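Enquirer: The structure under discussion is supplied below as structure tokens; questions concerning it will follow.
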Amino acid sequence: MDAPAALQPADALVRAGQPLVVDTFAAWREAARELLVHGIPPEQVTWGTPHMDDLLSGTAPVSGAPPTAEASHNPSTPPTEPLRPAPHIPRSLMEMLQSAACCRVPDRWAFLYRVIWRWQQGEHDVQSPADEDGARLHAMVKAVHREEHDMHAYIRFRERPEEAGPPRFVAWYEPRHDVLPQVAEHFVARMGKISWMIATPDASVLWDGHTLHNTGPLVRDAADLEQGSKDGGEALWLTYYRSVFNPARLNTEVMHQHIPTHRWKNLPEAKIVPQMVSAAALGARKVGQYEAVGQRKGTTIPIAPEDAQPDREQPSTLDECRRCELWEFATQAVGGEGPKRAKIMFVGEQPGDQEDLAGQPFVGPAGKLLDRVCEAAGVDRDTVYVTNAVKHFKWEPRGKRRLHKTPAQREIEACHYWLDKELASVKPTVIVALGATALKSVLRTANVTLKNSLGKPLRHEGRWVVTTYHPSYVLRVPGEDAKRDAFNTMVEGIKLAHDLLQRPIDVPDA
Ligand code: URA
């Protein structure tokens with residue numbers, strides 16, 4: 001292998017009038033530290049980012065990475081000034097710089113160096129939003145955090161048939177900032193041993209159940225990924241296999257023991273294994289990785305499925321809930337809203353189209369009707385905690401519209417977890433079940449009917465439960481008379497809920 005003579009100290013490059021090319025925060029930090037030690041001001045430094053072609057061909061321009069032992073003794077780079085002590089940068093600033101480094105702005109490295117330089121000159125205001133650079137730094141950090149959050153929330157994994165081989169889940173995403181590595185770690189913790197791949201236009205990450213592999217772009221767009229899934233997954237599987245193949249761990253005997261020879265002919269990877277094995281024998285093994293994974297950072301995340309499992313079973317936030325499949329097609333989860341200690345809790349069925357977009361319950365047409373019912377019943381909706389039995393919108397496409405679909409019993413049951421949390425924290429005296437789904441969810445049984453419960457208060461687990469129509473029923477029931485009757489029934493139900501606040505509940509459950 002070539003000696004790393006191409007690596008020169010950052011200050012030597014700057015003195016020679018060359019740009020400092022860095023591609024990671026770690027490389028920038030090392031280069032910045034050295035420039036600070038040599039007292040080189042920001043206006044004398046030109047920063048650059050390696051071109052993707054250079055990275056892939058291995059001919060990246062001279063890098064500003066830290067000097068090797070050899071380079072640092074290079075007599076052609078004698079220090080011209082006394083060295084300054086290594087700067088002490090507070091952790092909070094370092095964390096901000098690290099986040100801001102993921103922000104895709106063309107001058108990111110130069111800007112970060114200006115910030116750190118000013119800090120070292122004693123201008124500590126540079127970290128404050130009131131400072132011009134500080135404001136920009138805060139805005140960059142915010143943009144990156146938002147992108148991380150969006151990627152957690154909006155990435156959509158598609159499950160592939162088990163027989164198509166790994167990865168079991170694939171997703172395409174076009175992040176606006178360089179947040180893929182941290183987002184990948186989030187999914188490693190969330191998805192346990194299941195293999196998955198996230199592809200983006202600039203890079204991809206693959207999780208084989210044990211190790212995270214960072215690679216360059218593997219597919220060109222979502223359609224490519226889709227195609228990979230449709231053609232039986234072979235193209236995708238080969239891509240995956242190539243990327244996770246590790247010649248350092250290659251043991252052809254074990255490989256053949258695990259997969260009997262007669263089976264090889266039907267395995268898609270059989271076509272590429274000989275080529276990869278020979279690449280390994282020809283030196284890739286020495287390097288430690290097949291070239292496609294040569295640039296990965298190689299983080300091994302020791303996560304056992306049993307550690308990951310509770311995380312999936314008991315998501316810490318509603319946004320992360322994967323207790324049933326509905327999350328996959330919803331924009332977001334919609335939790336309850338209202339006073340933390342409301343005496344009355346309304347439970348609806350599930351968010352509708354508008355609630356799904358707004359992230360709030362009962363804000364669409366059914367919500368407007370509910371407002372009118374509350375007004376007629378003399379109950380201020382703002383004093384009521386309003387939620388739903390199911391927290392994700394279940395829908396089916398009809399033309400360009402998303403039509404509501406009734407949730408299945410298993411989806412209602414999966415969401416008991418969240419309703420229980422809301423009941424435990426709000427501790428309402430009276431629950432109003434709006435419609436049959438809410439009633440089944442609140443009473444934890446599928447063996448109840450709306451007809452038999454309408455208007456009859458029930459005692460359940462130390463609370464009153466009042467059943468009434470769902471506002472959507474009032475909106476869609478045909479005929480003016482039926483509509484008015486249904487509306488009045490709802491008004492009566494809510495009045496009853498209000499009256500029950502005064503009635504003691506010291507008798508056992510019915
Ligand atoms: N229907 C419901 O059950 N809940 C909402 O939040 C909106 C419509």
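Simple scheme: letters A, B, ... for chains in structure tokens order, numbers from 1 for residues in each chain, numbers from 1 for ligands in the order shown.
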Kindly provide, as a ChimeraX atom specification, all nucleotide and amino acid residues lying within 6 Å of ligand 1, counting only C-alpha atoms and all ligand atoms.

Expert: /A:348-352,355,361-362,366,388

Enquirer: As number ranges by chain, please: all residues of segment 433-487 of chain A that backbone DSSP puts in strand (DSSP E).

Expert: A: 433-434, 458-460, 463-468

Enquirer: Record the distance separating atom CA of Val179 of chain A and atom CA of His210 of chain A, expressed in Å with one decimal.

Expert: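 Interatomic distance, atom CA of Val179 of chain A to atom CA of His210 of chain A: 21.1 Å.
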
Enquirer: Leaving out Gly455 of chain A and any residue of its chain fewer than 6 positions from it, which residues lie within 7 Å of it when counting only C-alpha atoms, given as an mmCIF file with C-alpha atoms, in the first residue's frame?

Expert:
```cif
data_model
loop_
_atom_site.group_PDB
_atom_site.id
_atom_site.type_symbol
_atom_site.label_atom_id
_atom_site.label_comp_id
_atom_site.auth_asym_id
_atom_site.auth_seq_id
_atom_site.Cartn_x
_atom_site.Cartn_y
_atom_site.Cartn_z
ATOM 1 C CA VAL A 466 -71.553 7.260 28.533
ATOM 2 C CA THR A 467 -72.134 6.052 24.983
ATOM 3 C CA THR A 468 -73.355 8.266 22.208
ATOM 4 C CA GLY A 493 -75.315 12.129 25.986
#
```

Enquirer: Neighbours of segment 161-175 of chain A within 6 Å (only C-alpha atoms; same-chain residues fewer than 5 positions away dropped), as an MDAnalysis selection string?

Expert: chainID A and resid 156 195:200 222 232:233

Enquirer: Contacts of segment 398-402 of chain A at 12 Å or less, counting only C-alpha atoms, minus same-chain residues fewer than 2 places along, as number ranges by chain?

Expert: A: 329-331, 352-354, 356-357, 393-396, 404-405
